[in-house]
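To be precise, the following lines are entry.csv, and they hold CSV, C-alpha atoms.
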chain,number,residue,atom,x,y,z
P,12,MET,CA,190.6,-31.8,71.3
P,13,ASN,CA,190.5,-29.0,68.8
P,14,GLY,CA,186.7,-29.0,68.5
P,15,VAL,CA,184.6,-27.2,65.9
P,16,LEU,CA,186.0,-24.1,64.2
P,17,VAL,CA,183.5,-21.9,62.4
P,18,VAL,CA,184.9,-19.4,59.9
P,19,GLY,CA,182.4,-16.6,59.4
P,20,ALA,CA,180.7,-14.8,62.3
P,21,SER,CA,177.6,-14.5,60.3
P,22,ALA,CA,174.0,-15.5,61.1
P,23,ALA,CA,174.7,-18.9,59.7
P,24,GLY,CA,178.0,-19.3,61.6
P,25,LEU,CA,176.4,-18.2,64.8
P,26,ALA,CA,173.4,-20.4,64.4
P,27,THR,CA,175.8,-23.4,63.8
P,28,ALA,CA,177.7,-22.7,67.0
P,29,GLN,CA,174.5,-22.2,69.0
P,30,ALA,CA,172.9,-25.4,67.6
P,31,LEU,CA,176.0,-27.4,68.6
P,32,ARG,CA,175.6,-26.3,72.2
P,33,ALA,CA,171.9,-26.7,72.2
P,34,ARG,CA,172.4,-30.3,71.1
P,35,GLY,CA,174.8,-31.1,73.8
P,36,TYR,CA,178.2,-30.7,72.2
P,37,ARG,CA,180.8,-30.1,74.9
P,38,GLY,CA,184.0,-29.6,72.9
P,39,PRO,CA,185.6,-26.3,72.0
P,40,VAL,CA,183.6,-24.1,69.6
P,41,ARG,CA,185.4,-21.1,68.1
P,42,LEU,CA,183.8,-18.5,65.8
P,43,VAL,CA,186.2,-16.5,63.6
P,44,GLY,CA,184.9,-13.3,62.1
P,45,GLU,CA,186.6,-10.9,59.7
P,46,GLU,CA,184.6,-7.9,60.9
P,47,PRO,CA,185.3,-6.4,64.3
P,48,HIS,CA,181.7,-6.7,65.4
P,49,PRO,CA,179.8,-9.5,67.2
P,50,PRO,CA,177.5,-11.5,64.9
P,51,TYR,CA,174.7,-9.3,63.5
P,52,ASP,CA,171.6,-9.5,61.3
P,53,ARG,CA,172.0,-8.2,57.7
P,54,PRO,CA,168.3,-7.8,56.5
P,55,PRO,CA,167.7,-4.7,58.7
P,56,LEU,CA,170.6,-2.9,57.1
P,57,SER,CA,168.7,-2.0,53.9
P,58,LYS,CA,165.6,-1.1,55.8
P,59,GLN,CA,165.6,-0.1,59.5
P,60,VAL,CA,169.3,0.8,59.8
P,61,LEU,CA,169.4,2.7,56.6
P,62,SER,CA,166.2,4.6,57.4
P,63,GLY,CA,167.5,5.5,60.9
P,64,ALA,CA,164.7,3.7,62.7
P,65,TRP,CA,167.2,1.4,64.3
P,66,GLY,CA,170.6,2.0,65.7
P,67,THR,CA,173.2,-0.6,64.6
P,68,GLU,CA,173.2,-2.1,68.1
P,69,ARG,CA,169.8,-3.5,67.5
P,70,THR,CA,171.2,-5.7,64.7
P,71,VAL,CA,173.4,-7.7,67.1
P,72,LEU,CA,172.4,-11.3,67.4
P,73,ARG,CA,174.5,-12.3,70.4
P,74,ALA,CA,176.6,-10.1,72.6
P,75,PRO,CA,180.2,-11.3,73.3
P,76,ALA,CA,179.2,-12.0,77.0
P,77,ASP,CA,176.3,-14.2,75.9
P,78,LEU,CA,178.6,-16.1,73.6
P,79,ALA,CA,181.1,-16.6,76.4
P,80,ALA,CA,178.3,-17.9,78.6
P,81,LEU,CA,177.6,-20.5,76.0
P,82,GLY,CA,181.2,-21.5,75.8
P,83,ILE,CA,181.6,-20.1,72.3
P,84,GLU,CA,184.9,-18.3,71.8
P,85,LEU,CA,184.5,-15.3,69.5
P,86,LEU,CA,187.6,-14.2,67.5
P,87,PRO,CA,186.5,-10.9,65.8
P,88,GLY,CA,188.6,-8.9,63.3
P,89,ARG,CA,190.5,-12.1,62.2
P,90,ARG,CA,190.6,-12.9,58.5
P,91,ALA,CA,191.2,-16.5,57.3
P,92,VAL,CA,193.6,-16.7,54.3
P,93,ALA,CA,194.2,-20.4,53.8
P,94,LEU,CA,192.9,-23.9,54.5
P,95,ASP,CA,194.9,-27.1,54.8
P,96,THR,CA,192.4,-29.9,54.9
P,97,GLY,CA,195.1,-32.5,55.4
P,98,ALA,CA,196.5,-30.9,58.5
P,99,ARG,CA,193.0,-29.8,59.6
P,100,GLU,CA,194.0,-26.2,60.1
P,101,ILE,CA,193.4,-22.7,58.8
P,102,THR,CA,195.8,-19.8,58.6
P,103,LEU,CA,194.8,-16.3,59.6
P,104,ALA,CA,196.1,-13.1,58.0
P,105,ASP,CA,198.4,-12.5,61.0
P,106,GLY,CA,200.0,-15.9,60.5
P,107,GLU,CA,198.3,-17.7,63.4
P,108,ARG,CA,197.2,-21.2,62.6
P,109,LEU,CA,194.0,-22.7,64.1
P,110,ARG,CA,193.4,-26.4,64.1
P,111,TYR,CA,190.0,-28.1,64.1
P,112,ASP,CA,188.3,-31.5,64.4
P,113,ASP,CA,185.4,-30.2,62.2
P,114,LEU,CA,185.4,-27.0,60.2
P,115,VAL,CA,182.3,-25.0,59.2
P,116,LEU,CA,182.6,-22.5,56.4
P,117,ALA,CA,180.1,-19.6,56.8
P,118,THR,CA,181.9,-16.7,55.0
P,119,GLY,CA,178.9,-15.6,53.0
P,120,LEU,CA,179.1,-13.2,50.1
P,121,THR,CA,181.0,-10.3,48.6
P,122,PRO,CA,179.1,-7.7,46.6
P,123,ARG,CA,179.8,-7.5,42.9
P,124,ARG,CA,181.4,-4.4,41.6
P,125,LEU,CA,181.1,-2.7,38.2
P,126,PRO,CA,184.6,-1.7,37.1
P,127,ALA,CA,183.4,1.4,35.3
P,128,PHE,CA,182.0,2.7,38.6
P,129,ASP,CA,185.1,2.2,40.7
P,130,GLY,CA,186.7,5.4,42.0
P,131,PRO,CA,184.1,8.2,42.3
P,132,ALA,CA,183.1,9.3,45.8
P,133,GLY,CA,179.4,8.7,46.6
P,134,VAL,CA,179.3,5.2,45.0
P,135,HIS,CA,178.2,2.5,47.5
P,136,THR,CA,177.6,-1.2,48.0
P,137,LEU,CA,175.6,-2.5,50.9
P,138,ARG,CA,176.7,-5.7,52.7
P,139,THR,CA,178.2,-4.7,56.1
P,140,LEU,CA,177.4,-2.4,59.0
P,141,GLU,CA,180.1,0.0,57.8
P,142,ASP,CA,178.5,0.0,54.4
P,143,ALA,CA,175.2,0.9,55.9
P,144,ARG,CA,176.7,3.7,58.0
P,145,ARG,CA,178.5,5.2,55.0
P,146,LEU,CA,175.4,5.1,52.8
P,147,ARG,CA,173.2,6.6,55.5
P,148,ALA,CA,175.6,9.4,56.0
P,149,ASP,CA,175.5,10.2,52.3
P,150,LEU,CA,171.7,10.0,52.1
P,151,ARG,CA,171.4,12.6,54.9
P,152,THR,CA,172.7,15.3,52.5
P,153,ALA,CA,171.7,13.8,49.1
P,154,ARG,CA,168.6,14.8,47.2
P,155,ARG,CA,168.8,12.2,44.4
P,156,LEU,CA,169.7,8.5,44.6
P,157,ALA,CA,170.3,6.2,41.7
P,158,VAL,CA,170.3,2.4,42.4
P,159,ILE,CA,171.7,0.1,39.8
P,160,GLY,CA,170.1,-3.3,40.2
P,161,ALA,CA,166.4,-4.1,40.8
P,162,GLY,CA,166.8,-7.3,42.7
P,163,VAL,CA,165.7,-7.7,46.4
P,164,LEU,CA,168.5,-5.5,47.8
P,165,GLY,CA,168.2,-2.8,45.2
P,166,CYS,CA,164.4,-2.6,45.5
P,167,GLU,CA,164.6,-2.4,49.4
P,168,ILE,CA,167.2,0.4,49.3
P,169,ALA,CA,165.1,2.3,46.8
P,170,ALA,CA,162.0,1.9,48.9
P,171,THR,CA,163.9,3.0,52.1
P,172,ALA,CA,165.4,6.1,50.3
P,173,ARG,CA,161.9,7.2,49.3
P,174,THR,CA,160.8,7.2,53.0
P,175,LEU,CA,163.7,9.6,53.6
P,176,GLY,CA,162.3,12.0,50.9
P,177,LEU,CA,164.9,11.4,48.2
P,178,GLU,CA,164.2,11.3,44.5
P,179,VAL,CA,165.1,7.7,43.5
P,180,THR,CA,165.8,6.2,40.1
P,181,LEU,CA,166.0,2.4,39.9
P,182,ILE,CA,168.0,1.0,36.9
P,183,ASP,CA,168.1,-2.5,35.7
P,184,PRO,CA,168.6,-4.3,32.3
P,185,ALA,CA,165.8,-6.7,33.0
P,186,PRO,CA,162.2,-5.8,31.9
P,187,LEU,CA,160.8,-6.0,35.4
P,188,PRO,CA,162.1,-5.8,39.0
P,189,MET,CA,162.7,-9.2,40.6
P,190,ALA,CA,161.1,-11.1,37.8
P,191,ASP,CA,163.7,-13.9,38.2
P,192,ARG,CA,162.4,-14.4,41.8
P,193,LEU,CA,158.7,-13.6,41.5
P,194,GLY,CA,157.6,-14.4,38.0
P,195,THR,CA,156.2,-11.9,35.5
P,196,PRO,CA,152.7,-11.3,36.9
P,197,VAL,CA,153.9,-10.5,40.5
P,198,ALA,CA,156.9,-8.5,39.1
P,199,ARG,CA,154.5,-6.3,37.2
P,200,LEU,CA,152.7,-5.6,40.5
P,201,LEU,CA,156.0,-4.7,42.1
P,202,ALA,CA,156.9,-2.3,39.3
P,203,GLY,CA,153.6,-0.6,39.8
P,204,LEU,CA,154.1,-0.4,43.6
P,205,HIS,CA,157.5,1.4,43.1
P,206,ARG,CA,156.0,3.8,40.6
P,207,ASP,CA,153.0,4.5,42.9
P,208,HIS,CA,155.6,5.6,45.5
P,209,GLY,CA,157.3,8.0,43.2
P,210,ILE,CA,160.3,5.9,42.1
P,211,THR,CA,161.5,6.4,38.6
P,212,LEU,CA,161.9,2.8,37.3
P,213,LEU,CA,164.2,2.4,34.3
P,214,THR,CA,164.0,-1.2,33.4
P,215,GLY,CA,165.4,-2.6,30.2
P,216,THR,CA,168.2,-0.1,30.8
P,217,LYS,CA,171.9,-0.5,31.0
P,218,ALA,CA,174.0,1.6,33.3
P,219,GLU,CA,177.1,2.6,31.3
P,220,ALA,CA,179.3,5.0,33.2
P,221,PRO,CA,179.4,7.4,36.1
P,222,VAL,CA,179.2,11.2,35.7
P,223,THR,CA,181.4,13.1,38.2
P,224,ASP,CA,182.2,16.7,39.1
P,225,GLY,CA,185.6,18.2,39.2
P,226,GLY,CA,186.4,16.7,42.5
P,227,GLY,CA,185.6,13.2,41.5
P,228,ARG,CA,182.2,13.1,43.2
P,229,ILE,CA,179.3,11.2,41.6
P,230,THR,CA,176.7,13.5,40.0
P,231,GLY,CA,174.9,11.1,37.7
P,232,VAL,CA,174.8,8.0,35.6
P,233,LEU,CA,175.0,7.6,31.9
P,234,THR,CA,172.5,4.9,30.8
P,235,SER,CA,171.3,3.4,27.6
P,236,GLN,CA,168.3,5.7,27.9
P,237,GLY,CA,170.2,8.8,28.6
P,238,PRO,CA,171.7,10.5,31.7
P,239,VAL,CA,170.3,10.2,35.2
P,240,ALA,CA,171.1,12.8,37.9
P,241,ALA,CA,172.3,11.5,41.2
P,242,ASP,CA,174.1,12.8,44.3
P,243,ALA,CA,174.7,9.2,45.5
P,244,LEU,CA,174.7,5.8,43.8
P,245,VAL,CA,174.2,2.3,45.1
P,246,LEU,CA,175.5,-0.8,43.2
P,247,ALA,CA,173.1,-3.7,43.9
P,248,VAL,CA,174.1,-6.0,41.1
P,249,GLY,CA,174.4,-9.2,43.0
P,250,SER,CA,177.1,-10.9,45.1
P,251,VAL,CA,179.6,-13.7,44.7
P,252,PRO,CA,180.5,-16.3,47.4
P,253,ALA,CA,183.4,-15.4,49.5
P,254,THR,CA,185.7,-18.3,48.6
P,255,GLY,CA,188.8,-16.6,47.4
P,256,TRP,CA,190.8,-17.7,50.4
P,257,LEU,CA,189.9,-21.4,49.7
P,258,HIS,CA,191.7,-21.6,46.4
P,259,GLY,CA,194.3,-24.4,46.6
P,260,SER,CA,192.6,-26.0,49.5
P,261,GLY,CA,191.4,-29.0,47.5
P,262,LEU,CA,187.7,-28.1,48.0
P,263,THR,CA,185.5,-27.9,44.9
P,264,LEU,CA,184.6,-24.2,44.3
P,265,ASP,CA,181.8,-23.7,41.8
P,266,ASP,CA,179.5,-20.7,42.6
P,267,GLY,CA,180.2,-21.4,46.2
P,268,VAL,CA,181.6,-24.4,48.2
P,269,LEU,CA,180.3,-27.5,46.5
P,270,CYS,CA,178.9,-29.9,49.0
P,271,ASP,CA,177.0,-33.2,49.2
P,272,ALA,CA,173.4,-33.6,50.3
P,273,ARG,CA,174.5,-33.2,53.9
P,274,CYS,CA,176.3,-29.9,53.3
P,275,ARG,CA,179.7,-31.7,53.6
P,276,ALA,CA,182.4,-30.3,51.4
P,277,ALA,CA,185.1,-32.8,52.4
P,278,ALA,CA,186.0,-35.0,55.3
P,279,HIS,CA,185.3,-32.9,58.4
P,280,VAL,CA,184.6,-29.7,56.3
P,281,TRP,CA,181.1,-28.3,56.1
P,282,ALA,CA,179.5,-25.2,54.6
P,283,VAL,CA,176.4,-23.2,55.6
P,284,GLY,CA,174.4,-20.2,54.5
P,285,ASP,CA,175.1,-18.2,51.4
P,286,VAL,CA,178.5,-19.7,50.6
P,287,ALA,CA,177.2,-23.3,50.5
P,288,ARG,CA,176.2,-25.0,47.2
P,289,TRP,CA,174.9,-28.4,48.1
P,290,TRP,CA,173.1,-31.3,46.4
P,291,HIS,CA,169.4,-30.9,47.1
P,292,GLU,CA,167.9,-34.4,46.9
P,293,GLY,CA,164.4,-33.1,46.5
P,294,GLN,CA,165.2,-31.0,43.4
P,295,GLY,CA,167.9,-33.3,42.0
P,296,ARG,CA,170.4,-30.5,41.5
P,297,ALA,CA,173.0,-28.5,43.3
P,298,LEU,CA,171.5,-25.4,44.8
P,299,ARG,CA,172.8,-22.2,46.5
P,300,LEU,CA,170.4,-20.0,48.4
P,301,GLU,CA,171.0,-16.4,49.5
P,302,ASN,CA,168.5,-15.7,52.2
P,303,ARG,CA,168.2,-15.3,56.0
P,304,SER,CA,166.0,-18.4,56.5
P,305,HIS,CA,168.5,-20.7,54.8
P,306,ALA,CA,171.3,-19.4,57.1
P,307,THR,CA,169.5,-20.9,60.1
P,308,GLU,CA,168.1,-24.0,58.3
P,309,SER,CA,171.5,-25.0,56.9
P,310,ALA,CA,173.2,-24.3,60.3
P,311,LEU,CA,170.8,-26.6,62.1
P,312,ALA,CA,171.3,-29.3,59.5
P,313,VAL,CA,175.1,-29.1,59.7
P,314,ALA,CA,175.2,-29.0,63.5
P,315,GLY,CA,173.1,-32.2,63.5
P,316,ASN,CA,175.3,-33.9,60.9
P,317,ILE,CA,178.5,-33.0,62.8
P,318,LEU,CA,177.0,-34.8,65.7
P,319,GLY,CA,176.1,-37.9,63.7
P,320,ALA,CA,172.5,-37.3,62.4
P,321,ASP,CA,173.6,-38.1,58.8
P,322,ARG,CA,170.5,-36.4,57.3
P,323,PRO,CA,170.2,-34.7,53.9
P,324,HIS,CA,169.4,-31.0,53.9
P,325,ARG,CA,166.1,-30.7,51.9
P,326,PRO,CA,164.5,-27.3,52.6
P,327,VAL,CA,161.8,-25.6,50.7
P,328,PRO,CA,163.5,-22.4,49.4
P,329,TYR,CA,162.0,-19.4,51.1
P,330,PHE,CA,162.7,-15.6,51.2
P,331,TRP,CA,160.8,-12.5,52.1
P,332,THR,CA,161.2,-8.8,51.4
P,333,ASP,CA,159.5,-5.6,52.8
P,334,GLN,CA,159.0,-2.8,50.4
P,335,HIS,CA,156.8,0.3,50.7
P,336,GLY,CA,154.9,-1.3,53.6
P,337,VAL,CA,154.2,-4.6,51.6
P,338,ARG,CA,155.6,-7.9,52.8
P,339,ILE,CA,156.2,-10.3,49.9
P,340,GLN,CA,156.9,-13.9,50.9
P,341,VAL,CA,158.1,-16.6,48.5
P,342,PHE,CA,158.4,-20.3,48.7
P,343,GLY,CA,160.0,-22.5,46.0
P,344,ASP,CA,160.5,-20.9,42.6
P,345,PRO,CA,157.4,-19.1,41.3
P,346,ALA,CA,159.5,-17.6,38.4
P,347,ALA,CA,159.7,-21.2,37.0
P,348,GLY,CA,155.9,-21.4,36.7
P,349,ASP,CA,153.9,-20.7,33.5
P,350,ARG,CA,150.6,-20.2,35.3
P,351,LEU,CA,149.7,-18.3,38.5
P,352,ARG,CA,146.7,-19.6,40.4
P,353,VAL,CA,145.4,-17.3,43.2
P,354,THR,CA,144.4,-19.3,46.3
P,355,GLU,CA,143.5,-16.5,48.6
P,356,GLY,CA,142.6,-12.8,48.3
P,357,ASP,CA,142.8,-10.8,45.0
P,358,PRO,CA,145.8,-9.1,43.3
P,359,ALA,CA,143.5,-6.2,42.6
P,360,THR,CA,143.3,-5.5,46.3
P,361,ARG,CA,147.0,-6.0,46.8
P,362,THR,CA,146.4,-8.8,49.4
P,363,PHE,CA,146.7,-12.3,48.0
P,364,ALA,CA,148.5,-15.6,47.9
P,365,ALA,CA,149.0,-17.6,44.7
P,366,VAL,CA,150.6,-20.8,43.5
P,367,ALA,CA,152.8,-20.9,40.5
P,368,GLU,CA,152.4,-24.0,38.4
P,369,THR,CA,154.1,-25.7,35.5
P,370,ALA,CA,152.1,-28.5,33.7
P,371,GLY,CA,149.7,-28.5,36.7
P,372,ARG,CA,152.6,-29.1,39.1
P,373,PRO,CA,153.2,-26.5,41.9
P,374,VAL,CA,156.7,-25.0,41.7
P,375,GLY,CA,156.3,-21.9,43.9
P,376,VAL,CA,154.1,-19.9,46.2
P,377,VAL,CA,154.0,-16.1,46.6
P,378,GLY,CA,152.2,-14.1,49.2
P,379,TRP,CA,151.6,-10.3,49.0
P,380,ASN,CA,150.6,-9.1,52.5
P,381,SER,CA,149.1,-12.5,53.0
P,382,PRO,CA,151.0,-14.5,55.7
P,383,HIS,CA,148.0,-16.8,56.4
P,384,GLY,CA,147.5,-17.5,52.7
P,385,VAL,CA,151.1,-18.2,51.9
P,386,ARG,CA,151.4,-20.6,54.9
P,387,GLY,CA,148.5,-22.6,53.7
P,388,ALA,CA,149.7,-22.8,50.1
P,389,ARG,CA,153.3,-23.7,51.2
P,390,ALA,CA,152.2,-27.3,52.1
P,391,LEU,CA,151.9,-27.9,48.4
P,392,LEU,CA,155.7,-27.6,48.1
P,393,THR,CA,156.7,-29.7,51.1
P,394,PRO,CA,159.0,-32.4,49.9
P,395,PRO,CA,157.9,-36.0,50.5

Using structure tokens, write down the structure from this file.
Amino acid sequence: MNGVLVVGASAAGLATAQALRARGYRGPVRLVGEEPHPPYDRPPLSKQVLSGAWGTERTVLRAPADLAALGIELLPGRRAVALDTGAREITLADGERLRYDDLVLATGLTPRRLPAFDGPAGVHTLRTLEDARRLRADLRTARRLAVIGAGVLGCEIAATARTLGLEVTLIDPAPLPMADRLGTPVARLLAGLHRDHGITLLTGTKAEAPVTDGGGRITGVLTSQGPVAADALVLAVGSVPATGWLHGSGLTLDDGVLCDARCRAAAHVWAVGDVARWWHEGQGRALRLENRSHATESALAVAGNILGADRPHRPVPYFWTDQHGVRIQVFGDPAAGDRLRVTEGDPATRTFAAVAETAGRPVGVVGWNSPHGVRGARALLTPP
């Protein structure tokens, strides 16, 4: 018996392995991770770890000894390079082949790069523990930080850097930060929040090229609105699913691993978390979600389906972000709404919950420091 092989020692991969054990699976479970660390949580990297409030050890989700006690074999520092679905085996970078009865793909994402910014020292992305350590080391001596990309990650990094006393410039070609996730009215509030905390917000602005000193160190950014001084720079321009090693495997790769409604990519092959793009029966379309909640939800769904549950995965999309002491919670897709109806509190007081509607139909819920209000409004989005 080869058991279940999970490729990706991520939150989603770990949750799958744990759920199999919790539901009584007694076969072998192996967890293959490219990084040398035990599974850890990524959301704190841009906040608590970057600020120094947490040591990296606090991000660990399960220590190796705990995994061993559950009968989960952790294989850290091992990179998968090929998949043969016919033979039911993967090949690792060192040439070792691992066979499986069921395979779970949990390889997550790879940060996008901007080719013009490759090369200079002081240019960062943030995805891994090592990324967070390098960026934090740079921020200890920097005075000015530029962040390219005003999505969730870019906004969180900018907010954290302000708590460290840095001058921060947030650059994005869109007219408002996170408007594609929050909708225009709430995105306007978020822009005001960043400005209130001293961040220079350059929206509607394209980052064109780095400026460096004689030693090849970043000293600024040329933008469509002029130069921006910076001692360090973060690229937060999105990520792509980590599927390069699956080319030639026979799986359908289209903005992730394409799956059916049960997160099944092929016979005995499943995908979870950020890398999975599955058919959402409730929305009638293929969907890929990049958030911590979906990592766990999809893992539970796949573990159940491996064990015969045969149930579609139909979550209500959800994410949260903490910026400048504000917790923003989002269900569904408020950016798709053409009307925002406040259900609790008042945006003027910066504590509220609201429902985004299109043609009178709720499509999203957003809460701004209002956990009670957002929980109540969420029921409007629960699929039948």

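From CA of Val134 in chain P back to CA of Val337 in chain P, the distance works out to 27.7 Å.
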
Two-atom distance - CA of Pro382 in chain P, CA of Ala306 in chain P (Å):
20.9 Å

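Taking all atoms listed in the file into account, Arg37 in chain P lies nearest to P:Leu81 out of the set P:Ala20, P:Leu81, P:Val239, P:Val232.
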
At most 6 Å from (188.1, -27.2, 61.7), file frame, only C-alpha atoms: which residues, as a ChimeraX atom specification?
/P:15-16,99,110-114

Store the residues of this selection in a file with C-alpha atoms, as a CSV table (one decimal), in the coordinates of the input.
chain,number,residue,atom,x,y,z
P,15,VAL,CA,184.6,-27.2,65.9
P,16,LEU,CA,186.0,-24.1,64.2
P,99,ARG,CA,193.0,-29.8,59.6
P,110,ARG,CA,193.4,-26.4,64.1
P,111,TYR,CA,190.0,-28.1,64.1
P,112,ASP,CA,188.3,-31.5,64.4
P,113,ASP,CA,185.4,-30.2,62.2
P,114,LEU,CA,185.4,-27.0,60.2

If we count all atoms listed in the file, what is near range 229-231 of chain P at a cut-off of 8 Å, once residues fewer than 2 positions away on the same chain are taken out, given as a list in words?
Pro131, Ala132, Gly133, Val134, Ala157, Pro221, Val222, Thr223, Asp224, Gly227, Leu233, Pro238, Val239, Ala240, Ala241, Asp242, Ala243 and Leu244 of chain P

Write to file, as a PDB file, in the frame of the given file, the residues of the selection just made, with C-alpha atoms.
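And here is the file that came out, out-v4.pdb:
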ATOM      1  CA  PRO P 131     184.100   8.200  42.300  1.00  0.00           C
ATOM      2  CA  ALA P 132     183.100   9.300  45.800  1.00  0.00           C
ATOM      3  CA  GLY P 133     179.400   8.700  46.600  1.00  0.00           C
ATOM      4  CA  VAL P 134     179.300   5.200  45.000  1.00  0.00           C
ATOM      5  CA  ALA P 157     170.300   6.200  41.700  1.00  0.00           C
ATOM      6  CA  PRO P 221     179.400   7.400  36.100  1.00  0.00           C
ATOM      7  CA  VAL P 222     179.200  11.200  35.700  1.00  0.00           C
ATOM      8  CA  THR P 223     181.400  13.100  38.200  1.00  0.00           C
ATOM      9  CA  ASP P 224     182.200  16.700  39.100  1.00  0.00           C
ATOM     10  CA  GLY P 227     185.600  13.200  41.500  1.00  0.00           C
ATOM     11  CA  LEU P 233     175.000   7.600  31.900  1.00  0.00           C
ATOM     12  CA  PRO P 238     171.700  10.500  31.700  1.00  0.00           C
ATOM     13  CA  VAL P 239     170.300  10.200  35.200  1.00  0.00           C
ATOM     14  CA  ALA P 240     171.100  12.800  37.900  1.00  0.00           C
ATOM     15  CA  ALA P 241     172.300  11.500  41.200  1.00  0.00           C
ATOM     16  CA  ASP P 242     174.100  12.800  44.300  1.00  0.00           C
ATOM     17  CA  ALA P 243     174.700   9.200  45.500  1.00  0.00           C
ATOM     18  CA  LEU P 244     174.700   5.800  43.800  1.00  0.00           C
TER      19      LEU P 244
END

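In this structure, CA of Ala198 in chain P sits 26.2 Å away from CA of Pro252 in chain P.
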
Within-12 Å shell of (168.6, 1.5, 61.8) in input frame, only C-alpha atoms, as a PyMOL selection string:
chain P and resi 52-71+140+143-144+146-147+171

Go ahead and write the selection's residues with C-alpha atoms as a PDB file, in the coordinates of the input.
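again.pdb, freshly written:
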ATOM      1  CA  ASP P  52     171.600  -9.500  61.300  1.00  0.00           C
ATOM      2  CA  ARG P  53     172.000  -8.200  57.700  1.00  0.00           C
ATOM      3  CA  PRO P  54     168.300  -7.800  56.500  1.00  0.00           C
ATOM      4  CA  PRO P  55     167.700  -4.700  58.700  1.00  0.00           C
ATOM      5  CA  LEU P  56     170.600  -2.900  57.100  1.00  0.00           C
ATOM      6  CA  SER P  57     168.700  -2.000  53.900  1.00  0.00           C
ATOM      7  CA  LYS P  58     165.600  -1.100  55.800  1.00  0.00           C
ATOM      8  CA  GLN P  59     165.600  -0.100  59.500  1.00  0.00           C
ATOM      9  CA  VAL P  60     169.300   0.800  59.800  1.00  0.00           C
ATOM     10  CA  LEU P  61     169.400   2.700  56.600  1.00  0.00           C
ATOM     11  CA  SER P  62     166.200   4.600  57.400  1.00  0.00           C
ATOM     12  CA  GLY P  63     167.500   5.500  60.900  1.00  0.00           C
ATOM     13  CA  ALA P  64     164.700   3.700  62.700  1.00  0.00           C
ATOM     14  CA  TRP P  65     167.200   1.400  64.300  1.00  0.00           C
ATOM     15  CA  GLY P  66     170.600   2.000  65.700  1.00  0.00           C
ATOM     16  CA  THR P  67     173.200  -0.600  64.600  1.00  0.00           C
ATOM     17  CA  GLU P  68     173.200  -2.100  68.100  1.00  0.00           C
ATOM     18  CA  ARG P  69     169.800  -3.500  67.500  1.00  0.00           C
ATOM     19  CA  THR P  70     171.200  -5.700  64.700  1.00  0.00           C
ATOM     20  CA  VAL P  71     173.400  -7.700  67.100  1.00  0.00           C
ATOM     21  CA  LEU P 140     177.400  -2.400  59.000  1.00  0.00           C
ATOM     22  CA  ALA P 143     175.200   0.900  55.900  1.00  0.00           C
ATOM     23  CA  ARG P 144     176.700   3.700  58.000  1.00  0.00           C
ATOM     24  CA  LEU P 146     175.400   5.100  52.800  1.00  0.00           C
ATOM     25  CA  ARG P 147     173.200   6.600  55.500  1.00  0.00           C
ATOM     26  CA  THR P 171     163.900   3.000  52.100  1.00  0.00           C
TER      27      THR P 171
END

Using only C-alpha atoms, determine which residues lie at most 12 Å from range 160-162 of chain P, disregarding the query and same-chain residues fewer than 6 positions distant; provide the list as a PyMOL selection string.
chain P and resi 122-125+136+168-170+180-193+198+201-202+205+210-218+244-250+332+334

Taking C-alpha atoms for each residue, export the selection above as a compact mmCIF listing (two decimals), in the coordinates of the input.
# COMPACT_ATOMS: atom_id res chain seq x y z
CA PRO P 122 179.10 -7.70 46.60
CA ARG P 123 179.80 -7.50 42.90
CA ARG P 124 181.40 -4.40 41.60
CA LEU P 125 181.10 -2.70 38.20
CA THR P 136 177.60 -1.20 48.00
CA ILE P 168 167.20 0.40 49.30
CA ALA P 169 165.10 2.30 46.80
CA ALA P 170 162.00 1.90 48.90
CA THR P 180 165.80 6.20 40.10
CA LEU P 181 166.00 2.40 39.90
CA ILE P 182 168.00 1.00 36.90
CA ASP P 183 168.10 -2.50 35.70
CA PRO P 184 168.60 -4.30 32.30
CA ALA P 185 165.80 -6.70 33.00
CA PRO P 186 162.20 -5.80 31.90
CA LEU P 187 160.80 -6.00 35.40
CA PRO P 188 162.10 -5.80 39.00
CA MET P 189 162.70 -9.20 40.60
CA ALA P 190 161.10 -11.10 37.80
CA ASP P 191 163.70 -13.90 38.20
CA ARG P 192 162.40 -14.40 41.80
CA LEU P 193 158.70 -13.60 41.50
CA ALA P 198 156.90 -8.50 39.10
CA LEU P 201 156.00 -4.70 42.10
CA ALA P 202 156.90 -2.30 39.30
CA HIS P 205 157.50 1.40 43.10
CA ILE P 210 160.30 5.90 42.10
CA THR P 211 161.50 6.40 38.60
CA LEU P 212 161.90 2.80 37.30
CA LEU P 213 164.20 2.40 34.30
CA THR P 214 164.00 -1.20 33.40
CA GLY P 215 165.40 -2.60 30.20
CA THR P 216 168.20 -0.10 30.80
CA LYS P 217 171.90 -0.50 31.00
CA ALA P 218 174.00 1.60 33.30
CA LEU P 244 174.70 5.80 43.80
CA VAL P 245 174.20 2.30 45.10
CA LEU P 246 175.50 -0.80 43.20
CA ALA P 247 173.10 -3.70 43.90
CA VAL P 248 174.10 -6.00 41.10
CA GLY P 249 174.40 -9.20 43.00
CA SER P 250 177.10 -10.90 45.10
CA THR P 332 161.20 -8.80 51.40
CA GLN P 334 159.00 -2.80 50.40

Report as an MDAnalysis selection string all protein, DNA and RNA residues lying within 12 Å of Leu25 in chain P, evaluated on all atoms listed in the file, omitting residues in the same chain fewer than 2 positions from it.
chainID P and resid 16:23 27:32 40:44 49:52 71:75 77:78 81 83:85 115:118 283:284 306:307 309:311 314

Which residue out of P:Val376, P:Leu177, P:Val286, P:Val158 has the minimum interatomic distance to Gly348 in chain P when only C-alpha atoms are used?
P:Val376
